[in-house]
file upload-v1.csv (CSV, C-alpha atoms)
chain,number,residue,atom,x,y,z
A,1,MET,CA,94.2,96.0,120.1
A,2,THR,CA,97.1,98.2,119.2
A,3,GLN,CA,97.1,101.2,116.9
A,4,LEU,CA,99.7,101.3,114.1
A,5,ARG,CA,101.3,104.4,112.7
A,6,THR,CA,100.1,104.5,109.1
A,7,THR,CA,101.7,106.2,106.1
A,8,LYS,CA,100.6,106.8,102.6
A,9,GLY,CA,99.4,103.6,101.0
A,10,PRO,CA,100.9,102.2,97.8
A,11,PRO,CA,99.9,103.8,94.5
A,12,LEU,CA,97.4,102.0,92.3
A,13,LEU,CA,100.0,100.9,89.8
A,14,LEU,CA,101.9,99.1,92.5
A,15,LEU,CA,98.8,97.4,93.8
A,16,VAL,CA,98.1,96.3,90.2
A,17,ALA,CA,101.6,94.8,90.0
A,18,LEU,CA,101.3,93.1,93.3
A,19,THR,CA,98.3,91.1,92.1
A,20,ALA,CA,99.3,90.7,88.4
A,21,VAL,CA,102.8,89.3,88.9
A,22,PRO,CA,101.7,86.1,90.9
A,23,THR,CA,98.9,85.7,88.4
A,24,LEU,CA,101.4,85.9,85.5
A,25,SER,CA,103.6,83.4,87.3
A,26,THR,CA,100.7,80.9,87.4
A,27,ASN,CA,100.8,79.9,83.7
A,28,ILE,CA,103.5,81.8,81.9
A,29,PHE,CA,105.6,78.7,81.7
A,30,VAL,CA,102.7,76.4,80.6
A,31,PRO,CA,103.9,76.4,77.0
A,32,SER,CA,107.2,75.0,78.3
A,33,MET,CA,105.7,72.1,80.1
A,34,PRO,CA,105.7,69.6,77.2
A,35,GLY,CA,109.4,70.3,76.7
A,36,LEU,CA,110.1,69.8,80.5
A,37,VAL,CA,108.9,66.2,80.1
A,38,GLU,CA,111.8,65.5,77.7
A,39,HIS,CA,114.3,67.8,79.4
A,40,PHE,CA,113.9,66.1,82.8
A,41,ALA,CA,113.1,62.6,81.3
A,42,THR,CA,109.9,62.4,83.4
A,43,GLY,CA,106.2,61.9,82.9
A,44,GLY,CA,103.6,64.5,82.0
A,45,ALA,CA,101.8,63.9,85.3
A,46,THR,CA,104.9,64.8,87.2
A,47,VAL,CA,105.4,68.0,85.3
A,48,GLN,CA,101.8,68.9,85.9
A,49,LEU,CA,102.6,69.1,89.6
A,50,THR,CA,104.5,72.3,88.9
A,51,LEU,CA,101.1,73.9,88.1
A,52,THR,CA,98.8,72.0,90.4
A,53,LEU,CA,100.9,72.5,93.6
A,54,TYR,CA,101.5,76.1,92.7
A,55,LEU,CA,97.8,76.8,92.7
A,56,LEU,CA,97.3,74.8,95.9
A,57,MET,CA,100.0,76.7,97.7
A,58,LEU,CA,98.7,80.0,96.3
A,59,GLY,CA,95.4,79.2,98.2
A,60,ILE,CA,96.9,77.8,101.4
A,61,GLY,CA,99.3,80.6,101.7
A,62,GLN,CA,96.6,83.2,101.8
A,63,LEU,CA,95.1,81.5,104.9
A,64,LEU,CA,98.4,82.1,106.7
A,65,TYR,CA,99.1,85.6,105.5
A,66,GLY,CA,95.7,86.9,106.4
A,67,PRO,CA,96.0,86.7,110.2
A,68,LEU,CA,99.7,87.6,110.0
A,69,SER,CA,98.9,90.8,108.2
A,70,ASP,CA,96.2,91.6,110.8
A,71,ARG,CA,98.7,91.2,113.6
A,72,PHE,CA,102.0,92.6,112.2
A,73,GLY,CA,100.7,95.0,109.5
A,74,ARG,CA,100.4,94.8,105.8
A,75,ARG,CA,103.8,96.1,104.9
A,76,PRO,CA,106.1,93.7,106.7
A,77,VAL,CA,104.1,90.7,105.6
A,78,LEU,CA,104.1,91.9,102.0
A,79,LEU,CA,107.9,92.5,102.0
A,80,ALA,CA,108.5,89.1,103.6
A,81,GLY,CA,106.3,87.4,101.0
A,82,LEU,CA,108.0,89.1,98.1
A,83,ALA,CA,111.4,88.0,99.4
A,84,ILE,CA,110.1,84.4,99.5
A,85,TYR,CA,108.8,84.9,95.9
A,86,VAL,CA,112.2,86.0,94.7
A,87,VAL,CA,114.0,83.1,96.3
A,88,GLY,CA,111.4,80.7,94.8
A,89,SER,CA,111.8,82.2,91.4
A,90,GLY,CA,115.5,82.0,91.6
A,91,LEU,CA,115.3,78.3,92.6
A,92,CYS,CA,113.1,77.6,89.6
A,93,LEU,CA,115.6,79.3,87.3
A,94,ALA,CA,118.5,77.1,88.6
A,95,ALA,CA,116.5,73.9,89.2
A,96,PRO,CA,118.7,70.9,88.2
A,97,SER,CA,115.8,68.3,88.5
A,98,ILE,CA,112.1,68.1,88.2
A,99,GLY,CA,111.8,67.5,92.0
A,100,ILE,CA,113.7,70.7,92.8
A,101,LEU,CA,111.6,72.6,90.2
A,102,ILE,CA,108.3,71.4,91.9
A,103,LEU,CA,109.6,72.4,95.3
A,104,ALA,CA,110.7,75.8,94.0
A,105,ARG,CA,107.3,76.4,92.5
A,106,VAL,CA,105.7,75.7,95.9
A,107,VAL,CA,108.1,78.2,97.5
A,108,GLN,CA,107.4,80.7,94.7
A,109,ALA,CA,103.6,80.4,95.3
A,110,ALA,CA,104.1,80.7,99.1
A,111,GLY,CA,105.6,84.1,98.5
A,112,GLY,CA,103.5,85.3,95.6
A,113,CYS,CA,100.2,84.8,97.3
A,114,ALA,CA,101.2,87.6,99.8
A,115,GLY,CA,100.8,90.2,97.0
A,116,VAL,CA,97.4,88.9,96.0
A,117,MET,CA,96.0,88.8,99.6
A,118,VAL,CA,97.7,91.9,101.0
A,119,GLY,CA,96.8,93.9,97.9
A,120,ARG,CA,93.1,93.3,98.5
A,121,ALA,CA,93.4,94.1,102.2
A,122,MET,CA,95.3,97.3,101.5
A,123,ILE,CA,92.6,98.5,99.1
A,124,ARG,CA,89.9,98.0,101.7
A,125,ASP,CA,92.1,99.7,104.4
A,126,MET,CA,92.6,102.7,102.2
A,127,TYR,CA,89.1,103.3,100.8
A,128,GLU,CA,85.5,103.2,101.8
A,129,ARG,CA,83.7,100.2,100.6
A,130,ASP,CA,82.2,101.4,97.3
A,131,LYS,CA,85.4,103.3,96.4
A,132,ALA,CA,87.4,100.1,97.3
A,133,ALA,CA,85.3,98.0,95.0
A,134,SER,CA,85.8,100.5,92.2
A,135,MET,CA,89.6,100.4,92.7
A,136,LEU,CA,89.6,96.6,92.9
A,137,GLY,CA,87.9,96.6,89.6
A,138,TYR,CA,90.9,98.2,88.0
A,139,VAL,CA,93.2,95.8,89.8
A,140,THR,CA,91.1,92.8,88.7
A,141,MET,CA,91.3,94.1,85.1
A,142,ALA,CA,95.1,94.0,85.3
A,143,MET,CA,94.9,90.4,86.6
A,144,ALA,CA,92.7,89.4,83.7
A,145,MET,CA,95.2,91.0,81.3
A,146,ALA,CA,98.1,89.2,82.9
A,147,THR,CA,96.2,85.9,82.7
A,148,ALA,CA,95.6,86.5,79.0
A,149,ALA,CA,99.1,87.6,78.2
A,150,ALA,CA,101.0,85.0,80.2
A,151,PRO,CA,100.8,82.0,77.9
A,152,VAL,CA,101.6,84.1,74.9
A,153,THR,CA,104.6,85.6,76.6
A,154,GLY,CA,105.8,82.2,77.8
A,155,ALA,CA,105.4,80.7,74.3
A,156,PHE,CA,107.8,83.3,72.8
A,157,LEU,CA,110.3,83.0,75.6
A,158,GLU,CA,110.3,79.2,75.3
A,159,GLU,CA,110.8,79.4,71.5
A,160,TRP,CA,113.6,82.0,71.7
A,161,HIS,CA,115.5,81.1,74.9
A,162,GLY,CA,114.1,77.9,76.4
A,163,TRP,CA,112.1,77.2,79.5
A,164,ARG,CA,114.4,78.9,82.0
A,165,ALA,CA,113.7,82.3,80.3
A,166,SER,CA,110.2,82.5,81.9
A,167,PHE,CA,111.7,82.0,85.4
A,168,LEU,CA,114.4,84.6,84.7
A,169,LEU,CA,111.6,87.1,83.9
A,170,MET,CA,109.7,86.2,87.1
A,171,THR,CA,112.9,86.6,89.2
A,172,VAL,CA,113.6,90.0,87.7
A,173,LEU,CA,110.0,91.1,88.1
A,174,GLY,CA,110.0,89.9,91.7
A,175,VAL,CA,113.2,91.9,92.6
A,176,LEU,CA,111.7,95.0,91.0
A,177,LEU,CA,108.4,94.6,92.8
A,178,ALA,CA,110.2,94.1,96.1
A,179,LEU,CA,112.3,97.2,95.7
A,180,PHE,CA,109.3,99.4,94.7
A,181,SER,CA,107.2,98.0,97.5
A,182,TYR,CA,110.0,98.8,100.0
A,183,ARG,CA,110.2,102.3,98.7
A,184,MET,CA,106.5,103.1,98.0
A,185,ALA,CA,104.2,100.8,100.1
A,186,GLY,CA,103.4,102.4,103.3
A,187,GLU,CA,101.5,100.7,106.1
A,188,THR,CA,97.7,100.9,105.6
A,189,LEU,CA,96.5,99.0,108.7
A,190,VAL,CA,95.3,101.3,111.5
A,191,HIS,CA,94.7,98.8,114.2
A,192,ARG,CA,96.4,95.4,114.6
A,193,VAL,CA,94.9,92.5,116.5
A,194,PRO,CA,96.7,89.8,118.5
A,195,LEU,CA,97.9,86.8,116.6
A,196,PRO,CA,95.8,83.8,117.7
A,197,SER,CA,96.9,80.3,118.1
A,198,LEU,CA,95.7,77.6,115.7
A,199,ALA,CA,92.4,77.0,117.4
A,200,PRO,CA,91.4,80.6,117.5
A,201,ILE,CA,92.5,81.0,113.9
A,202,LEU,CA,90.2,78.1,112.9
A,203,MET,CA,87.5,79.7,115.0
A,204,LEU,CA,88.0,83.0,113.2
A,205,TYR,CA,87.6,81.3,109.8
A,206,ALA,CA,84.5,79.4,111.1
A,207,THR,CA,83.1,82.8,112.2
A,208,ALA,CA,83.7,84.2,108.8
A,209,LEU,CA,82.0,81.2,107.1
A,210,GLY,CA,79.1,81.6,109.5
A,211,SER,CA,78.7,85.3,108.5
A,212,PRO,CA,75.7,85.8,106.2
A,213,ARG,CA,77.6,88.5,104.5
A,214,PHE,CA,80.6,86.3,103.7
A,215,ARG,CA,78.4,83.4,102.6
A,216,ARG,CA,76.4,85.7,100.3
A,217,PHE,CA,79.1,87.7,98.6
A,218,GLY,CA,81.8,85.1,99.1
A,219,GLY,CA,79.6,82.4,97.7
A,220,TYR,CA,79.0,84.5,94.6
A,221,THR,CA,82.7,85.1,93.9
A,222,ILE,CA,83.6,81.5,94.5
A,223,CYS,CA,81.0,80.2,92.1
A,224,THR,CA,81.9,82.6,89.3
A,225,ILE,CA,85.6,82.0,89.7
A,226,ALA,CA,85.1,78.2,89.9
A,227,SER,CA,83.1,78.5,86.6
A,228,TYR,CA,86.1,80.2,85.1
A,229,TYR,CA,88.5,77.4,86.1
A,230,ALA,CA,86.0,74.8,84.8
A,231,PHE,CA,85.9,76.6,81.4
A,232,VAL,CA,89.7,76.8,81.3
A,233,ALA,CA,89.9,73.0,82.0
A,234,GLY,CA,87.2,71.9,79.6
A,235,ALA,CA,86.9,74.4,76.7
A,236,PRO,CA,90.1,73.3,74.8
A,237,TYR,CA,88.9,69.7,74.8
A,238,VAL,CA,85.3,70.6,73.7
A,239,VAL,CA,86.3,73.1,71.0
A,240,ILE,CA,89.4,71.5,69.6
A,241,ASP,CA,88.7,67.8,70.1
A,242,LEU,CA,84.9,67.4,70.0
A,243,TYR,CA,84.1,70.3,67.7
A,244,GLU,CA,87.3,69.7,65.6
A,245,GLN,CA,88.4,73.3,65.5
A,246,PRO,CA,92.1,74.3,65.1
A,247,PRO,CA,94.0,75.7,68.0
A,248,SER,CA,94.2,79.0,66.2
A,249,THR,CA,90.4,79.3,66.2
A,250,PHE,CA,90.3,78.5,69.9
A,251,GLY,CA,92.9,81.2,70.5
A,252,LEU,CA,91.0,83.9,68.6
A,253,TYR,CA,87.8,83.1,70.6
A,254,TRP,CA,89.8,83.1,73.8
A,255,ILE,CA,90.9,86.7,73.1
A,256,VAL,CA,87.2,87.7,72.8
A,257,ALA,CA,86.5,86.1,76.2
A,258,GLY,CA,89.4,87.8,77.8
A,259,ALA,CA,88.5,91.2,76.4
A,260,SER,CA,85.0,90.8,77.7
A,261,TYR,CA,86.2,90.3,81.3
A,262,ILE,CA,88.5,93.3,81.0
A,263,ALA,CA,85.6,95.4,79.7
A,264,GLY,CA,83.5,94.3,82.7
A,265,ASN,CA,86.3,95.2,85.1
A,266,PHE,CA,86.6,98.6,83.5
A,267,LEU,CA,82.9,99.3,83.9
A,268,ALA,CA,83.2,98.2,87.6
A,269,GLY,CA,86.0,100.7,88.1
A,270,ARG,CA,83.9,103.5,86.5
A,271,LEU,CA,80.5,102.8,88.0
A,272,THR,CA,80.7,100.9,91.3
A,273,GLU,CA,81.5,104.0,93.4
A,274,ARG,CA,78.3,105.7,92.2
A,275,ALA,CA,76.0,102.7,91.9
A,276,GLY,CA,77.2,100.8,95.0
A,277,ILE,CA,78.4,97.2,95.3
A,278,GLU,CA,74.9,95.8,95.9
A,279,THR,CA,73.5,97.1,92.7
A,280,MET,CA,76.6,96.1,90.6
A,281,THR,CA,76.6,92.6,92.1
A,282,TRP,CA,72.9,92.1,91.3
A,283,ILE,CA,73.4,93.4,87.7
A,284,GLY,CA,76.4,91.2,87.2
A,285,GLY,CA,74.8,88.2,88.9
A,286,SER,CA,71.7,88.4,86.6
A,287,ILE,CA,73.9,88.5,83.5
A,288,VAL,CA,76.0,85.5,84.5
A,289,ALA,CA,73.0,83.4,85.4
A,290,VAL,CA,71.2,84.1,82.1
A,291,CYS,CA,74.4,83.3,80.2
A,292,GLY,CA,74.9,80.1,82.1
A,293,CYS,CA,71.4,79.0,81.1
A,294,VAL,CA,72.2,79.9,77.4
A,295,LEU,CA,75.4,78.0,77.5
A,296,ILE,CA,73.7,74.8,78.8
A,297,GLY,CA,70.9,75.2,76.2
A,298,LEU,CA,73.2,75.7,73.2
A,299,VAL,CA,75.4,72.7,74.1
A,300,ALA,CA,72.4,70.5,74.9
A,301,ALA,CA,71.0,71.4,71.4
A,302,ASP,CA,74.3,70.0,70.0
A,303,ILE,CA,75.2,73.2,68.2
A,304,ARG,CA,78.8,72.2,67.4
A,305,HIS,CA,80.4,75.6,66.9
A,306,PRO,CA,82.9,77.4,69.0
A,307,ALA,CA,80.5,80.4,69.2
A,308,ALA,CA,78.0,78.2,71.1
A,309,VAL,CA,80.6,77.9,73.9
A,310,PHE,CA,82.5,81.1,73.8
A,311,LEU,CA,79.8,83.7,73.2
A,312,PRO,CA,77.6,83.0,76.2
A,313,VAL,CA,80.8,82.6,78.3
A,314,ALA,CA,82.2,85.9,77.0
A,315,ALA,CA,78.9,87.7,77.8
A,316,SER,CA,79.0,86.1,81.3
A,317,TYR,CA,82.5,87.5,81.8
A,318,ILE,CA,81.2,91.0,81.3
A,319,GLY,CA,78.7,90.4,84.1
A,320,SER,CA,81.4,88.7,86.3
A,321,GLY,CA,83.8,91.6,85.6
A,322,ILE,CA,81.1,94.1,86.7
A,323,SER,CA,80.3,92.3,89.9
A,324,GLN,CA,83.4,90.5,91.1
A,325,PRO,CA,85.2,93.5,92.6
A,326,GLY,CA,82.2,94.6,94.7
A,327,ALA,CA,81.4,91.1,95.8
A,328,SER,CA,85.0,90.5,96.9
A,329,ILE,CA,84.9,93.7,99.0
A,330,GLY,CA,81.5,92.7,100.4
A,331,ALA,CA,82.9,89.3,101.5
A,332,ILE,CA,86.2,90.5,103.0
A,333,GLU,CA,84.6,93.1,105.2
A,334,ALA,CA,82.4,90.4,106.9
A,335,LEU,CA,84.7,90.8,109.9
A,336,PRO,CA,85.8,94.4,109.9
A,337,ARG,CA,88.6,93.9,112.4
A,338,ASN,CA,90.0,90.9,110.5
A,339,ILE,CA,89.9,92.0,106.9
A,340,GLY,CA,93.2,90.3,106.2
A,341,ALA,CA,92.0,87.0,107.5
A,342,CYS,CA,88.8,87.3,105.4
A,343,ALA,CA,90.7,88.2,102.3
A,344,GLY,CA,93.0,85.1,102.8
A,345,LEU,CA,90.0,82.8,103.4
A,346,LEU,CA,88.2,84.1,100.3
A,347,GLY,CA,91.3,83.6,98.1
A,348,ALA,CA,91.9,80.1,99.4
A,349,LEU,CA,88.2,79.1,98.9
A,350,GLN,CA,88.3,80.5,95.3
A,351,LEU,CA,91.4,78.5,94.4
A,352,GLY,CA,90.2,75.4,96.2
A,353,ALA,CA,86.9,75.4,94.4
A,354,GLY,CA,88.7,76.1,91.1
A,355,SER,CA,90.9,73.0,91.6
A,356,LEU,CA,87.9,70.8,92.5
A,357,VAL,CA,85.9,71.7,89.4
A,358,SER,CA,88.9,71.4,87.2
A,359,LEU,CA,89.3,67.9,88.4
A,360,ALA,CA,85.5,67.2,87.9
A,361,ILE,CA,85.8,68.4,84.3
A,362,GLY,CA,88.8,66.1,83.7
A,363,VAL,CA,86.9,63.1,85.1
A,364,THR,CA,83.7,63.7,83.0
A,365,GLN,CA,85.3,64.6,79.7
A,366,HIS,CA,84.7,61.3,78.1
A,367,TYR,CA,80.9,61.9,78.5
A,368,GLY,CA,81.0,64.7,75.9
A,369,ALA,CA,80.4,68.4,76.1
A,370,LEU,CA,77.2,68.5,78.2
A,371,PRO,CA,78.8,67.8,81.6
A,372,PHE,CA,81.2,70.6,80.8
A,373,ALA,CA,78.3,73.0,80.1
A,374,LEU,CA,76.4,71.8,83.1
A,375,VAL,CA,79.3,72.5,85.4
A,376,CYS,CA,80.2,75.9,83.9
A,377,GLY,CA,76.6,77.1,83.5
A,378,GLY,CA,75.3,75.6,86.7
A,379,LEU,CA,78.0,77.4,88.7
A,380,LEU,CA,76.9,80.7,87.1
A,381,VAL,CA,73.3,80.1,88.1
A,382,ALA,CA,74.4,79.1,91.6
A,383,ALA,CA,76.3,82.4,91.9
A,384,LEU,CA,73.0,84.3,91.5
A,385,LEU,CA,71.3,81.9,94.0
A,386,SER,CA,74.0,82.8,96.5
A,387,LEU,CA,72.9,86.4,96.4
A,388,LEU,CA,69.4,85.4,97.4
A,389,GLN,CA,70.6,84.3,100.8
A,390,PRO,CA,69.3,86.6,103.6
A,391,MET,CA,72.0,88.8,105.0
A,392,GLY,CA,70.3,89.8,108.2
A,393,LYS,CA,70.9,93.1,109.9
A,394,GLU,CA,74.0,94.6,108.2
A,395,HIS,CA,76.7,95.8,110.4
A,396,ARG,CA,78.0,99.3,109.9
A,397,VAL,CA,81.2,99.1,108.1
A,398,GLN,CA,83.8,101.6,109.0
A,399,PRO,CA,85.8,103.3,106.2
call {"tool": "encode", "arguments": {"input": "upload-v1.csv", "output": "structure tokens"}}
result
Amino acid sequence: MTQLRTTKGPPLLLLVALTAVPTLSTNIFVPSMPGLVEHFATGGATVQLTLTLYLLMLGIGQLLYGPLSDRFGRRPVLLAGLAIYVVGSGLCLAAPSIGILILARVVQAAGGCAGVMVGRAMIRDMYERDKAASMLGYVTMAMAMATAAAPVTGAFLEEWHGWRASFLLMTVLGVLLALFSYRMAGETLVHRVPLPSLAPILMLYATALGSPRFRRFGGYTICTIASYYAFVAGAPYVVIDLYEQPPSTFGLYWIVAGASYIAGNFLAGRLTERAGIETMTWIGGSIVAVCGCVLIGLVAADIRHPAAVFLPVAASYIGSGISQPGASIGAIEALPRNIGACAGLLGALQLGAGSLVSLAIGVTQHYGALPFALVCGGLLVAALLSLLQPMGKEHRVQP
């Protein structure tokens, strides 16, 4: 194990940008997708691959960047990832065919996920666990804001300048982010570990999965985030098609849900350092589980109003916002000497679970609203149950 010379870590605003820009890139061009079908004379399922494969690569890439950042340091891995992101964004901008666009989106995700993973690892490198959870709360709040703003921004860019405008914005943001990271992001890793071959890497991930701490806190974050993706996949169908509400009504309720999550993240940033991640996770977990039960009950009672779906979910987002940062920190410190690998594994599992539940929602849509509620609400209850797992003797986590 070799000690690295460390410099001042990146400022909070840069850490926020490192996680917000890849999140923004996930769905900023979604309003352009219907137009891409006509532009490239292809099918909707083919265009959908620009989003599906982006999410898939965003998860897989974190598995690779984690061990690399533990071996070579956070800074070089981050800069390499941002360079790949810029190349991918530029390829998207210039794509002459749908096949090239799909490939470019995969490249874009392969670079963008470095910011998400390395940002988490840097926060844990720089701060003690409760302070790290507090700081991650502010970063997660920015990610929530980016998620809420992306489709709106993309819609205006599509209307004013066409589908390439979104990718031009991503390219410019990527270049700026790379330049600021080069100037301001110092190395935060104190000790680097040898880069294992494939078998030891798989063993490392198996060790993390076998850790009671990772299963407990990681299981909580995976369930709550999977519930979010289930909601994103099913809520438009339930509210607009089944409950016969206009898209504008759906949009207004969506703003309420987004604001709730942001409020929860703000509370996490303010309170976690004082209350501790254990307390905040239990408080948030209790809230999300109760809200999950309420959601199932209201939908089962056939109360066909958007509030029956959005209000319990919005309340659950407050609980999730409160608890998600602390639970994430609790999971990635399961292996203190391999924080980067744990951060990558956690991100991959979150996105993988989100993809699976989104698929499940799509398969069960023709059965009505209840399967949607059972998946969304059931995952919130499962999140609380994850916290009931015994953690055993807790290791002493070094700051």
call {"tool": "residues_around", "arguments": {"input": "upload-v1.csv", "residues": "Leu168 of chain A", "least_positions_apart": "4", "cutoff": "12 Å", "atoms": "only C-alpha atoms", "output": "PyMOL selection string"}}
result
chain A and resi 25+28-29+86-95+154+157-158+161-164+172-175
call {"tool": "write_last_selection", "arguments": {"input": "upload-v1.csv", "atoms": "C-alpha atoms", "output": "compact mmCIF listing (two decimals), keeping the file's coordinate frame"}}
result
# COMPACT_ATOMS: atom_id res chain seq x y z
CA SER A 25 103.60 83.40 87.30
CA ILE A 28 103.50 81.80 81.90
CA PHE A 29 105.60 78.70 81.70
CA VAL A 86 112.20 86.00 94.70
CA VAL A 87 114.00 83.10 96.30
CA GLY A 88 111.40 80.70 94.80
CA SER A 89 111.80 82.20 91.40
CA GLY A 90 115.50 82.00 91.60
CA LEU A 91 115.30 78.30 92.60
CA CYS A 92 113.10 77.60 89.60
CA LEU A 93 115.60 79.30 87.30
CA ALA A 94 118.50 77.10 88.60
CA ALA A 95 116.50 73.90 89.20
CA GLY A 154 105.80 82.20 77.80
CA LEU A 157 110.30 83.00 75.60
CA GLU A 158 110.30 79.20 75.30
CA HIS A 161 115.50 81.10 74.90
CA GLY A 162 114.10 77.90 76.40
CA TRP A 163 112.10 77.20 79.50
CA ARG A 164 114.40 78.90 82.00
CA VAL A 172 113.60 90.00 87.70
CA LEU A 173 110.00 91.10 88.10
CA GLY A 174 110.00 89.90 91.70
CA VAL A 175 113.20 91.90 92.60
call {"tool": "atom_distance", "arguments": {"input": "upload-v1.csv", "atom1": "atom CA of Cys342 of chain A", "atom2": "atom CA of Tyr182 of chain A"}}
result
24.7 Å
call {"tool": "closest_residue", "arguments": {"input": "upload-v1.csv", "among": "A:Ile98, A:Leu64, A:Ala110, A:Val313", "to": "His39 of chain A", "atoms": "only C-alpha atoms"}}
result
A:Ile98
call {"tool": "closest_residue", "arguments": {"input": "upload-v1.csv", "among": "A:Ala121, A:Leu55, A:Ala155, A:Leu49", "to": "Leu18 of chain A", "atoms": "all atoms listed in the file"}}
result
A:Ala121
call {"tool": "residues_around", "arguments": {"input": "upload-v1.csv", "residues": "Ile84 of chain A", "least_positions_apart": "4", "cutoff": "9 Å", "atoms": "all atoms listed in the file", "output": "list in words"}}
result
Leu79, Ala80, Gly88, Ser89, Val107, Gln108, Ala109, Ala110, Gly111 and Gly112 of chain A
call {"tool": "closest_residue", "arguments": {"input": "upload-v1.csv", "among": "A:Leu242, A:Ala343, A:Leu179, A:Ala165", "to": "Val118 of chain A", "atoms": "only C-alpha atoms"}}
result
A:Ala343
call {"tool": "residues_around", "arguments": {"input": "upload-v1.csv", "residues": "segment 218-224 of chain A", "least_positions_apart": "4", "cutoff": "7 Å", "atoms": "all atoms listed in the file", "output": "MDAnalysis selection string"}}
result
chainID A and resid 214 228 320 324 327:328 331 346 349:350 353 379:380 382:384 386:387
call {"tool": "closest_residue", "arguments": {"input": "upload-v1.csv", "among": "A:Gly276, A:Pro325, A:Pro390, A:Gly344", "to": "Pro212 of chain A", "atoms": "all atoms listed in the file"}}
result
A:Pro390
call {"tool": "closest_residue", "arguments": {"input": "upload-v1.csv", "among": "A:Ile318, A:Ala83, A:Leu14, A:Ala235", "to": "Ala259 of chain A", "atoms": "all atoms listed in the file"}}
result
A:Ile318
call {"tool": "closest_residue", "arguments": {"input": "upload-v1.csv", "among": "A:Gly368, A:Ser134, A:Arg215, A:Trp160", "to": "Arg274 of chain A", "atoms": "only C-alpha atoms"}}
result
A:Ser134
call {"tool": "atom_distance", "arguments": {"input": "upload-v1.csv", "atom1": "atom CA of Leu101 of chain A", "atom2": "atom CA of Val47 of chain A"}}
result
9.1 Å
call {"tool": "atom_distance", "arguments": {"input": "upload-v1.csv", "atom1": "atom CA of Tyr138 of chain A", "atom2": "atom CA of Arg120 of chain A"}}
result
11.8 Å
call {"tool": "build_atoms", "arguments": {"input": "upload-v1.csv", "residues": "segment 333-345 of chain A", "atoms": "N, CA and C atoms", "output": "PDB file, in the frame of the given file"}}
result
ATOM      1  N   GLU A 333      84.886  92.219 104.081  1.00  0.00           N
ATOM      2  CA  GLU A 333      84.600  93.100 105.200  1.00  0.00           C
ATOM      3  C   GLU A 333      83.534  92.464 106.128  1.00  0.00           C
ATOM      4  N   ALA A 334      83.342  91.141 105.996  1.00  0.00           N
ATOM      5  CA  ALA A 334      82.400  90.400 106.900  1.00  0.00           C
ATOM      6  C   ALA A 334      82.830  90.570 108.338  1.00  0.00           C
ATOM      7  N   LEU A 335      84.156  90.542 108.569  1.00  0.00           N
ATOM      8  CA  LEU A 335      84.700  90.800 109.900  1.00  0.00           C
ATOM      9  C   LEU A 335      85.588  92.008 109.826  1.00  0.00           C
ATOM     10  N   PRO A 336      85.062  93.188 110.138  1.00  0.00           N
ATOM     11  CA  PRO A 336      85.800  94.400 109.900  1.00  0.00           C
ATOM     12  C   PRO A 336      87.147  94.528 110.565  1.00  0.00           C
ATOM     13  N   ARG A 337      87.332  93.853 111.690  1.00  0.00           N
ATOM     14  CA  ARG A 337      88.600  93.900 112.400  1.00  0.00           C
ATOM     15  C   ARG A 337      89.564  92.824 111.938  1.00  0.00           C
ATOM     16  N   ASN A 338      89.138  91.973 111.042  1.00  0.00           N
ATOM     17  CA  ASN A 338      90.000  90.900 110.500  1.00  0.00           C
ATOM     18  C   ASN A 338      89.881  90.801 109.026  1.00  0.00           C
ATOM     19  N   ILE A 339      90.036  91.942 108.381  1.00  0.00           N
ATOM     20  CA  ILE A 339      89.900  92.000 106.900  1.00  0.00           C
ATOM     21  C   ILE A 339      90.962  91.131 106.252  1.00  0.00           C
ATOM     22  N   GLY A 340      92.188  91.130 106.778  1.00  0.00           N
ATOM     23  CA  GLY A 340      93.200  90.300 106.200  1.00  0.00           C
ATOM     24  C   GLY A 340      92.886  88.839 106.228  1.00  0.00           C
ATOM     25  N   ALA A 341      92.370  88.370 107.356  1.00  0.00           N
ATOM     26  CA  ALA A 341      92.000  87.000 107.500  1.00  0.00           C
ATOM     27  C   ALA A 341      90.865  86.618 106.499  1.00  0.00           C
ATOM     28  N   CYS A 342      89.893  87.513 106.376  1.00  0.00           N
ATOM     29  CA  CYS A 342      88.800  87.300 105.400  1.00  0.00           C
ATOM     30  C   CYS A 342      89.275  87.241 103.999  1.00  0.00           C
ATOM     31  N   ALA A 343      90.200  88.141 103.661  1.00  0.00           N
ATOM     32  CA  ALA A 343      90.700  88.200 102.300  1.00  0.00           C
ATOM     33  C   ALA A 343      91.493  86.873 102.011  1.00  0.00           C
ATOM     34  N   GLY A 344      92.255  86.382 102.989  1.00  0.00           N
ATOM     35  CA  GLY A 344      93.000  85.100 102.800  1.00  0.00           C
ATOM     36  C   GLY A 344      92.048  83.952 102.650  1.00  0.00           C
ATOM     37  N   LEU A 345      91.005  83.898 103.476  1.00  0.00           N
ATOM     38  CA  LEU A 345      90.000  82.800 103.400  1.00  0.00           C
ATOM     39  C   LEU A 345      89.322  82.805 102.054  1.00  0.00           C
TER      40      LEU A 345
END
